[in-house]
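Below is one structure, written out as structure tokens; comments come after it.
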Amino acid sequence: MNICHDISLLQYNTFGIDVHANTLISYESNEELVDIVLNHLPNLPKPLLHIGGGSNLLFMNDFKGTILLSEIKIVEVVTETEDSVIIRAGSGLVLDEFISYTLSQGWYGLENLSLIPGQVGASAVQNVGAYGVEAGDRIVAVNCISLLDGSEKRFSHDECNYSYRHSIFKESHLYGKYAVVSVEYALSKTFIPQLNYGGIMHFLTSFGFTLEGVSAIQLRDIIISIRREKLPDPKVIGNAGSFFMNPIVDISLLEKIRTQYPEVPHYPTSHGKVKIPAAWLIDKCGWKGKSLGKASVHSRQPLVLINNGYATGNDIKSLSDRIQQDVFDKFSISICPEVNFIY
Ligand SMILES: Cc1cc2nc3c(=O)[nH]c(=O)nc-3n(C[C@H](O)[C@H](O)[C@H](O)COP(=O)(O)OP(=O)(O)OC[C@H]3O[C@@H](n4cnc5c(N)ncnc54)[C@H](O)[C@@H]3O)c2cc1C
């Protein structure tokens, strides 16, 4: 366990917002976390905030409470058959390193999530997704410790209530009440490539591969190349990936937009509605590559807001507010931030 007071959060958020926290505690095991909850937290400043890699956070001010950070890095086989394996992964593992490890073992299913920043714990909270796969598709259980009394609680897949970038851990009755300590993923020993999303097939052929010929590691490498091409590296330019979620709207609204923009991209969802890429809406409002103060919209990917250097949380929020207003005025669509605002 490591406890730091009055600590800069610059290295703990990929937006590169320069704020401080009163206290930050990291822990390496379930037992350490229980000890922290029972014997340390009662005397430490509140509120509590559990972070991972800080790649989906926007700090609006100095954080006057206590931040928790998992350093649990276990990887355990829970059950294994000829065809599949259930792996328990510590919440403090870097998700991409864990994915690389699973592929090296011949365990498939997470390759499309390659290079998504952040930790395994947050992957279960955020239900991260990319190229047609969501973490929730592979998660069978999430093991947690209550930050109120240190008790253990295992959430089954169904209890996690997964949907697009959503889990039960984001719902108000549970938000901030549990620390995720490990996540159990069900992976296959047979590689079945998921290629029908985000132009992967196009890249595959342009890299000289066929559907039958590509291996999981090659698919991972291709996805990493596409992501490096499209998205700014947070180590160089502060950002938190997609700032907004893609809105899901009624078909009637899509039809209305189509009368003016027949080319509007859209994808059917399970409830007879359609998902419209927020990036397209933002682009149509003329924001691509534009700045407001110290914050900008990325020139290649309008869904990504960036810190031009020394931006505050309020600088980013001002830009986000303007974009939301413009999209609403033009399309009557409210786009919601994916990023977690921390006040
Ligand atoms: C360049 C870039 C690209 C990205 N691309 C994608 C993408 O393709 N798809 C996608 O879905 N996301 C993407 N993201 C967003 C981000 O990577 C994910 O949301 C990721 O899951 C955040 O992980 P983190 O460890 O950094 O969590 P943080 O940002 O630190 O926290 C995110 C949330 O999880 C909670 N949390 C974190 N760890 C725990 C824990 N152990 N217990 C309880 N709660 C916890 C926090 O309280 C917070 O609410 C991208 C971000 C960047 C910077």
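Residues in the structure tokens are named by chain (A, B, ... in the order shown) and by number from 1 within that chain; ligands are numbered from 1 in the order shown.
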
**Residue contacts of region 21-28 of chain A (9 Å, only C-alpha atoms) excluding same-chain residues fewer than 4 positions away, as a list in words** = Met1, Asn2, Ile3, Cys4, His5, Asp6, Ile7, Ser8, Leu9, Glu32, Leu33, Ile36, Leu44, Pro45, Asp62, Phe63, Lys64, Gly65, Thr66, Ile67, Leu68, Leu69, Ser70, Glu71, Ile72, Lys73 and Gly92 of chain A

Generate the output file for the selected residues, C-alpha atoms, as a compact mmCIF listing (two decimals), in the first residue's frame.
```txt
# COMPACT_ATOMS: atom_id res chain seq x y z
CA MET A 1 0.00 0.00 0.00
CA ASN A 2 1.23 3.47 -0.80
CA ILE A 3 -0.33 6.67 0.55
CA CYS A 4 0.59 10.11 -0.88
CA HIS A 5 -0.75 13.47 0.21
CA ASP A 6 -1.14 16.64 -1.85
CA ILE A 7 -0.20 14.84 -5.03
CA SER A 8 -0.21 16.21 -8.59
CA LEU A 9 -2.63 14.34 -10.86
CA GLU A 32 -4.73 -4.38 1.34
CA LEU A 33 -7.87 -2.75 0.01
CA ILE A 36 -7.61 0.58 3.65
CA LEU A 44 -9.13 10.38 5.15
CA PRO A 45 -10.79 13.23 3.25
CA ASP A 62 -8.29 20.11 -7.45
CA PHE A 63 -9.75 16.93 -5.96
CA LYS A 64 -10.32 17.56 -2.26
CA GLY A 65 -10.91 13.94 -1.34
CA THR A 66 -9.12 10.59 -1.57
CA ILE A 67 -8.24 8.78 -4.77
CA LEU A 68 -7.88 4.99 -4.88
CA LEU A 69 -5.78 3.18 -7.47
CA SER A 70 -5.52 -0.56 -8.01
CA GLU A 71 -2.14 -2.18 -8.57
CA ILE A 72 -3.60 -5.70 -8.48
CA LYS A 73 -1.92 -7.50 -11.36
CA GLY A 92 -4.69 -2.91 -12.00
```

**All residues 6 Å or closer to Val142 (chain A), only C-alpha atoms, same chain fewer than 6 positions away omitted, as number ranges by chain** = A: 154-155, 183

Atoms to include: N, CA and C atoms. Write the selected residues as a PDB file, in the first residue's frame.
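The new file part_26.pdb reads:
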```
ATOM      1  N   ARG A 154     -19.536 -10.325  -5.767  1.00  0.00           N
ATOM      2  CA  ARG A 154     -19.263 -10.774  -7.133  1.00  0.00           C
ATOM      3  C   ARG A 154     -20.487 -10.445  -7.984  1.00  0.00           C
ATOM      4  N   PHE A 155     -20.283  -9.680  -9.042  1.00  0.00           N
ATOM      5  CA  PHE A 155     -21.377  -9.352  -9.949  1.00  0.00           C
ATOM      6  C   PHE A 155     -21.287 -10.288 -11.155  1.00  0.00           C
ATOM      7  N   VAL A 183     -11.527  -9.026 -12.820  1.00  0.00           N
ATOM      8  CA  VAL A 183     -12.558  -9.215 -13.839  1.00  0.00           C
ATOM      9  C   VAL A 183     -12.336 -10.589 -14.460  1.00  0.00           C
TER      10      VAL A 183
END
```

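You will find CA of Met245 (chain A) at 12.0 Å from atom 4 (C, counted along the ligand's line) of ligand 1.
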
**Request:** Select, from A:Asn307, A:Gln119, A:Thr259, A:Thr102, the residue with the minimum atom-to-atom distance to ligand 1, counting only C-alpha atoms and all ligand atoms.
**Result:** A:Gln119

**Message:** Any residue with an atom at most 7 Å from ligand 1 counts, using only C-alpha atoms and all ligand atoms. Which are they? Put them as a ChimeraX atom specification.
**Reply:** /A:14,49-57,69-70,91-92,116-123,125-130,165,176,178-181,231-234,239-242,340

**Asked** Please, which residues of region 81-241 of chain A, numbered as in this document, come out strand (DSSP E or B) from DSSP, as JSON, numbers by chain?
**Response** {"A": [84, 85, 86, 87, 88, 89, 90, 94, 108, 119, 129, 130, 133, 134, 139, 140, 141, 142, 143, 144, 145, 146, 152, 153, 154, 155, 156, 163, 166, 178, 179, 180, 181, 182, 183, 184, 185, 186, 187, 188, 238, 239, 240, 241]}

Can I get the selected residues back with N, CA and C atoms, as a compact mmCIF listing (two decimals), in the first residue's frame?
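Output below, filename part-v9.txt:
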```
# COMPACT_ATOMS: atom_id res chain seq x y z
N SER A 84 -12.16 -23.59 -24.36
CA SER A 84 -12.27 -22.23 -23.81
C SER A 84 -11.61 -22.14 -22.45
N VAL A 85 -11.50 -20.90 -22.00
CA VAL A 85 -10.86 -20.67 -20.71
C VAL A 85 -11.52 -19.45 -20.06
N ILE A 86 -11.64 -19.51 -18.74
CA ILE A 86 -12.07 -18.32 -18.01
C ILE A 86 -10.86 -17.82 -17.22
N ILE A 87 -10.54 -16.55 -17.47
CA ILE A 87 -9.34 -15.95 -16.86
C ILE A 87 -9.77 -14.88 -15.89
N ARG A 88 -9.19 -14.89 -14.70
CA ARG A 88 -9.42 -13.79 -13.74
C ARG A 88 -8.23 -12.83 -13.83
N ALA A 89 -8.52 -11.58 -14.14
CA ALA A 89 -7.43 -10.60 -14.32
C ALA A 89 -7.56 -9.49 -13.29
N GLY A 90 -6.45 -9.14 -12.68
CA GLY A 90 -6.44 -8.08 -11.67
C GLY A 90 -6.81 -6.74 -12.27
N VAL A 94 -2.75 -3.26 -17.02
CA VAL A 94 -3.03 -2.42 -18.19
C VAL A 94 -3.78 -3.31 -19.19
N TYR A 108 -8.55 -16.28 -27.30
CA TYR A 108 -9.03 -15.24 -28.22
C TYR A 108 -10.33 -14.61 -27.76
N GLN A 119 -7.05 0.53 -17.59
CA GLN A 119 -6.84 -0.71 -16.85
C GLN A 119 -8.00 -1.69 -17.05
N GLY A 129 -15.42 -0.52 -25.73
CA GLY A 129 -15.74 -1.21 -26.98
C GLY A 129 -14.96 -0.64 -28.14
N ALA A 130 -14.72 -1.47 -29.14
CA ALA A 130 -14.08 -1.02 -30.37
C ALA A 130 -14.24 -2.09 -31.43
N VAL A 133 -16.73 -5.08 -30.88
CA VAL A 133 -16.65 -5.92 -29.67
C VAL A 133 -16.69 -5.02 -28.44
N GLU A 134 -17.44 -5.45 -27.43
CA GLU A 134 -17.45 -4.74 -26.15
C GLU A 134 -16.91 -5.67 -25.07
N ILE A 139 -17.11 -10.64 -20.60
CA ILE A 139 -17.00 -10.68 -19.13
C ILE A 139 -18.05 -11.63 -18.56
N VAL A 140 -17.59 -12.55 -17.71
CA VAL A 140 -18.56 -13.44 -17.05
C VAL A 140 -18.83 -12.99 -15.61
N ALA A 141 -17.88 -12.29 -15.00
CA ALA A 141 -18.12 -11.81 -13.64
C ALA A 141 -17.13 -10.70 -13.30
N VAL A 142 -17.56 -9.83 -12.38
CA VAL A 142 -16.71 -8.74 -11.92
C VAL A 142 -16.66 -8.84 -10.39
N ASN A 143 -15.45 -8.97 -9.85
CA ASN A 143 -15.29 -9.10 -8.40
C ASN A 143 -14.96 -7.75 -7.80
N CYS A 144 -15.72 -7.40 -6.76
CA CYS A 144 -15.60 -6.05 -6.18
C CYS A 144 -15.42 -6.12 -4.67
N ILE A 145 -14.95 -5.00 -4.14
CA ILE A 145 -14.94 -4.82 -2.68
C ILE A 145 -15.68 -3.52 -2.38
N SER A 146 -16.59 -3.61 -1.41
CA SER A 146 -17.38 -2.43 -1.05
C SER A 146 -16.48 -1.40 -0.39
N GLU A 152 -16.92 -8.37 0.24
CA GLU A 152 -16.70 -8.76 -1.15
C GLU A 152 -18.04 -8.95 -1.84
N LYS A 153 -18.09 -8.61 -3.12
CA LYS A 153 -19.33 -8.85 -3.89
C LYS A 153 -18.92 -9.22 -5.31
N ARG A 154 -19.54 -10.32 -5.77
CA ARG A 154 -19.26 -10.77 -7.13
C ARG A 154 -20.49 -10.44 -7.98
N PHE A 155 -20.28 -9.68 -9.04
CA PHE A 155 -21.38 -9.35 -9.95
C PHE A 155 -21.29 -10.29 -11.16
N SER A 156 -22.37 -11.03 -11.42
CA SER A 156 -22.38 -11.89 -12.60
C SER A 156 -22.53 -11.00 -13.84
N SER A 163 -24.63 -2.32 -21.46
CA SER A 163 -25.11 -1.84 -22.75
C SER A 163 -24.03 -0.87 -23.24
N HIS A 166 -21.99 1.32 -20.94
CA HIS A 166 -22.74 1.41 -19.69
C HIS A 166 -22.61 0.12 -18.90
N TYR A 178 -18.26 0.70 -5.09
CA TYR A 178 -17.44 -0.52 -5.16
C TYR A 178 -16.13 -0.25 -5.89
N ALA A 179 -15.09 -0.94 -5.43
CA ALA A 179 -13.84 -1.00 -6.20
C ALA A 179 -13.85 -2.32 -6.94
N VAL A 180 -13.57 -2.28 -8.22
CA VAL A 180 -13.41 -3.53 -8.97
C VAL A 180 -12.01 -4.05 -8.67
N VAL A 181 -11.90 -5.30 -8.19
CA VAL A 181 -10.58 -5.84 -7.87
C VAL A 181 -10.10 -6.85 -8.91
N SER A 182 -11.06 -7.53 -9.56
CA SER A 182 -10.66 -8.41 -10.67
C SER A 182 -11.85 -8.64 -11.60
N VAL A 183 -11.53 -9.03 -12.82
CA VAL A 183 -12.56 -9.21 -13.84
C VAL A 183 -12.34 -10.59 -14.46
N GLU A 184 -13.43 -11.33 -14.65
CA GLU A 184 -13.31 -12.67 -15.25
C GLU A 184 -13.82 -12.64 -16.69
N TYR A 185 -12.92 -12.99 -17.60
CA TYR A 185 -13.24 -12.99 -19.02
C TYR A 185 -13.31 -14.43 -19.52
N ALA A 186 -14.32 -14.73 -20.35
CA ALA A 186 -14.40 -16.05 -21.01
C ALA A 186 -13.81 -15.90 -22.39
N LEU A 187 -12.75 -16.65 -22.67
CA LEU A 187 -12.06 -16.54 -23.96
C LEU A 187 -12.06 -17.89 -24.64
N SER A 188 -11.95 -17.83 -25.97
CA SER A 188 -12.03 -19.05 -26.77
C SER A 188 -10.64 -19.48 -27.20
N GLY A 238 -2.76 15.78 -24.96
CA GLY A 238 -3.73 15.40 -23.93
C GLY A 238 -5.11 15.18 -24.50
N ASN A 239 -5.70 14.03 -24.22
CA ASN A 239 -7.07 13.75 -24.69
C ASN A 239 -7.60 12.54 -23.92
N ALA A 240 -8.90 12.29 -24.07
CA ALA A 240 -9.50 11.13 -23.39
C ALA A 240 -10.24 10.26 -24.40
N GLY A 241 -9.74 10.19 -25.61
CA GLY A 241 -10.42 9.40 -26.65
C GLY A 241 -11.73 10.08 -27.04
```

**Asked** Between CA of Leu93 (chain A) and CA of His20 (chain A), what is the spacing in Å?
**Response**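 So the two atoms, CA of His20 (chain A) and CA of Leu93 (chain A), lie 24.1 Å apart.
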
**Message:** I want to know what sits within 8 Å of Gly109 (chain A), based on only C-alpha atoms, with residues of the same chain fewer than 2 positions away left out; could you give that as a ChimeraX atom specification?
**Reply:** /A:107,111-112,138,187-188,191-192

**Message:** Excluding Asp221 (chain A) and its own-chain neighbours fewer than 2 positions away, which residues fall within 12 Å of it when counting only C-alpha atoms? Please give them as a VMD selection string.
**Reply:** chain A and resid 96 99 to 100 103 111 to 115 200 203 to 204 207 214 to 219 223 to 228

**Asked** Hey, which of A:Leu254, A:Ser296, A:Leu95, A:Leu303 ends up closest to Glu338 (chain A)? Count only C-alpha atoms.
**Response** A:Leu303

**Message:** I want to know what sits within 12 Å of Pro42 (chain A), based on only C-alpha atoms, with residues of the same chain fewer than 5 positions away left out; could you give that as an NGL selection string?
**Reply:** :A and (35-37 or 47-48 or 65-66 or 147-150)

Any chance you could export the current selection's N, CA and C atoms as a compact mmCIF listing (two decimals), in the first residue's frame?
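And here's out_13.txt as it stands now:
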```txt
# COMPACT_ATOMS: atom_id res chain seq x y z
N ASP A 35 -8.11 -3.56 4.24
CA ASP A 35 -7.44 -2.83 5.33
C ASP A 35 -7.61 -1.31 5.15
N ILE A 36 -7.46 -0.86 3.91
CA ILE A 36 -7.61 0.58 3.65
C ILE A 36 -9.04 1.02 3.99
N VAL A 37 -10.02 0.22 3.53
CA VAL A 37 -11.42 0.62 3.75
C VAL A 37 -11.73 0.67 5.25
N PRO A 47 -14.76 13.43 -0.92
CA PRO A 47 -15.25 12.16 -1.42
C PRO A 47 -14.14 11.21 -1.83
N LEU A 48 -14.58 9.99 -2.17
CA LEU A 48 -13.65 8.99 -2.70
C LEU A 48 -13.79 8.94 -4.21
N GLY A 65 -10.70 15.18 -2.07
CA GLY A 65 -10.91 13.94 -1.34
C GLY A 65 -9.76 12.97 -1.50
N THR A 66 -10.11 11.66 -1.51
CA THR A 66 -9.12 10.59 -1.57
C THR A 66 -9.31 9.77 -2.83
N LEU A 147 -16.61 -0.15 -0.85
CA LEU A 147 -15.82 0.92 -0.23
C LEU A 147 -16.50 1.43 1.03
N LEU A 148 -17.69 0.89 1.33
CA LEU A 148 -18.40 1.30 2.55
C LEU A 148 -18.00 0.42 3.73
N ASP A 149 -17.90 -0.94 3.49
CA ASP A 149 -17.62 -1.81 4.64
C ASP A 149 -16.58 -2.90 4.35
N GLY A 150 -15.96 -2.88 3.18
CA GLY A 150 -14.89 -3.85 2.88
C GLY A 150 -15.40 -5.23 2.51
```

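Pairwise distance (CA of Leu41 (chain A), CA of Asp18 (chain A)) equals 24.8 Å.
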
**Request:** May I have the residues within 9 Å of Gly293 (chain A) as a VMD selection string, using only C-alpha atoms and disregarding those fewer than 3 positions away in the same chain?
**Result:** chain A and resid 296 308 311 315 to 316 318 to 319

Quick one: write out the picked residues with C-alpha atoms as an mmCIF file, in the first residue's frame?
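Written output follows (out-v1.cif):
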```
data_model
loop_
_atom_site.group_PDB
_atom_site.id
_atom_site.type_symbol
_atom_site.label_atom_id
_atom_site.label_comp_id
_atom_site.auth_asym_id
_atom_site.auth_seq_id
_atom_site.Cartn_x
_atom_site.Cartn_y
_atom_site.Cartn_z
ATOM 1 C CA SER A 296 -9.468 21.981 -29.733
ATOM 2 C CA ASN A 308 -3.549 22.363 -26.536
ATOM 3 C CA ALA A 311 -5.925 23.758 -20.576
ATOM 4 C CA ASP A 315 -11.503 25.090 -20.970
ATOM 5 C CA ILE A 316 -12.373 21.593 -22.201
ATOM 6 C CA SER A 318 -16.511 25.227 -22.539
ATOM 7 C CA LEU A 319 -15.631 23.631 -25.872
#
```

**Message:** Report as a list in words all protein, DNA and RNA residues lying within 8 Å of Tyr343 (chain A), evaluated on only C-alpha atoms, omitting residues in the same chain fewer than 5 positions from it.
**Reply:** Phe59, Met60, Asn61 and Phe63 of chain A

Just-selected residues, C-alpha atoms written as a tab-separated table (two decimals), in the first residue's frame:
```
chain	number	residue	atom	x	y	z
A	59	PHE	CA	-10.79	16.92	-13.60
A	60	MET	CA	-12.61	20.23	-13.20
A	61	ASN	CA	-10.78	21.31	-10.01
A	63	PHE	CA	-9.75	16.93	-5.96
```

**Request:** Could you give me the residues within region 70-272 of chain A that DSSP places in alpha helix (DSSP H), as a ChimeraX atom specification?
**Result:** /A:95-104,120-126,135-138,157-160,200-206,216-230,251-260

**Prompt:** Which is closest to Gly286 (chain A) among A:Val304, A:Asp250, A:Glu263, A:Asp326, if we use only C-alpha atoms?
**Reply:**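 Nearest to Gly286 (chain A): A:Asp326.
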
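Proximity to Leu58 (chain A) was assessed for A:Gly106, A:Gly272, A:Gly132, A:Pro337 counting only C-alpha atoms; the smallest distance is recorded for A:Pro337.
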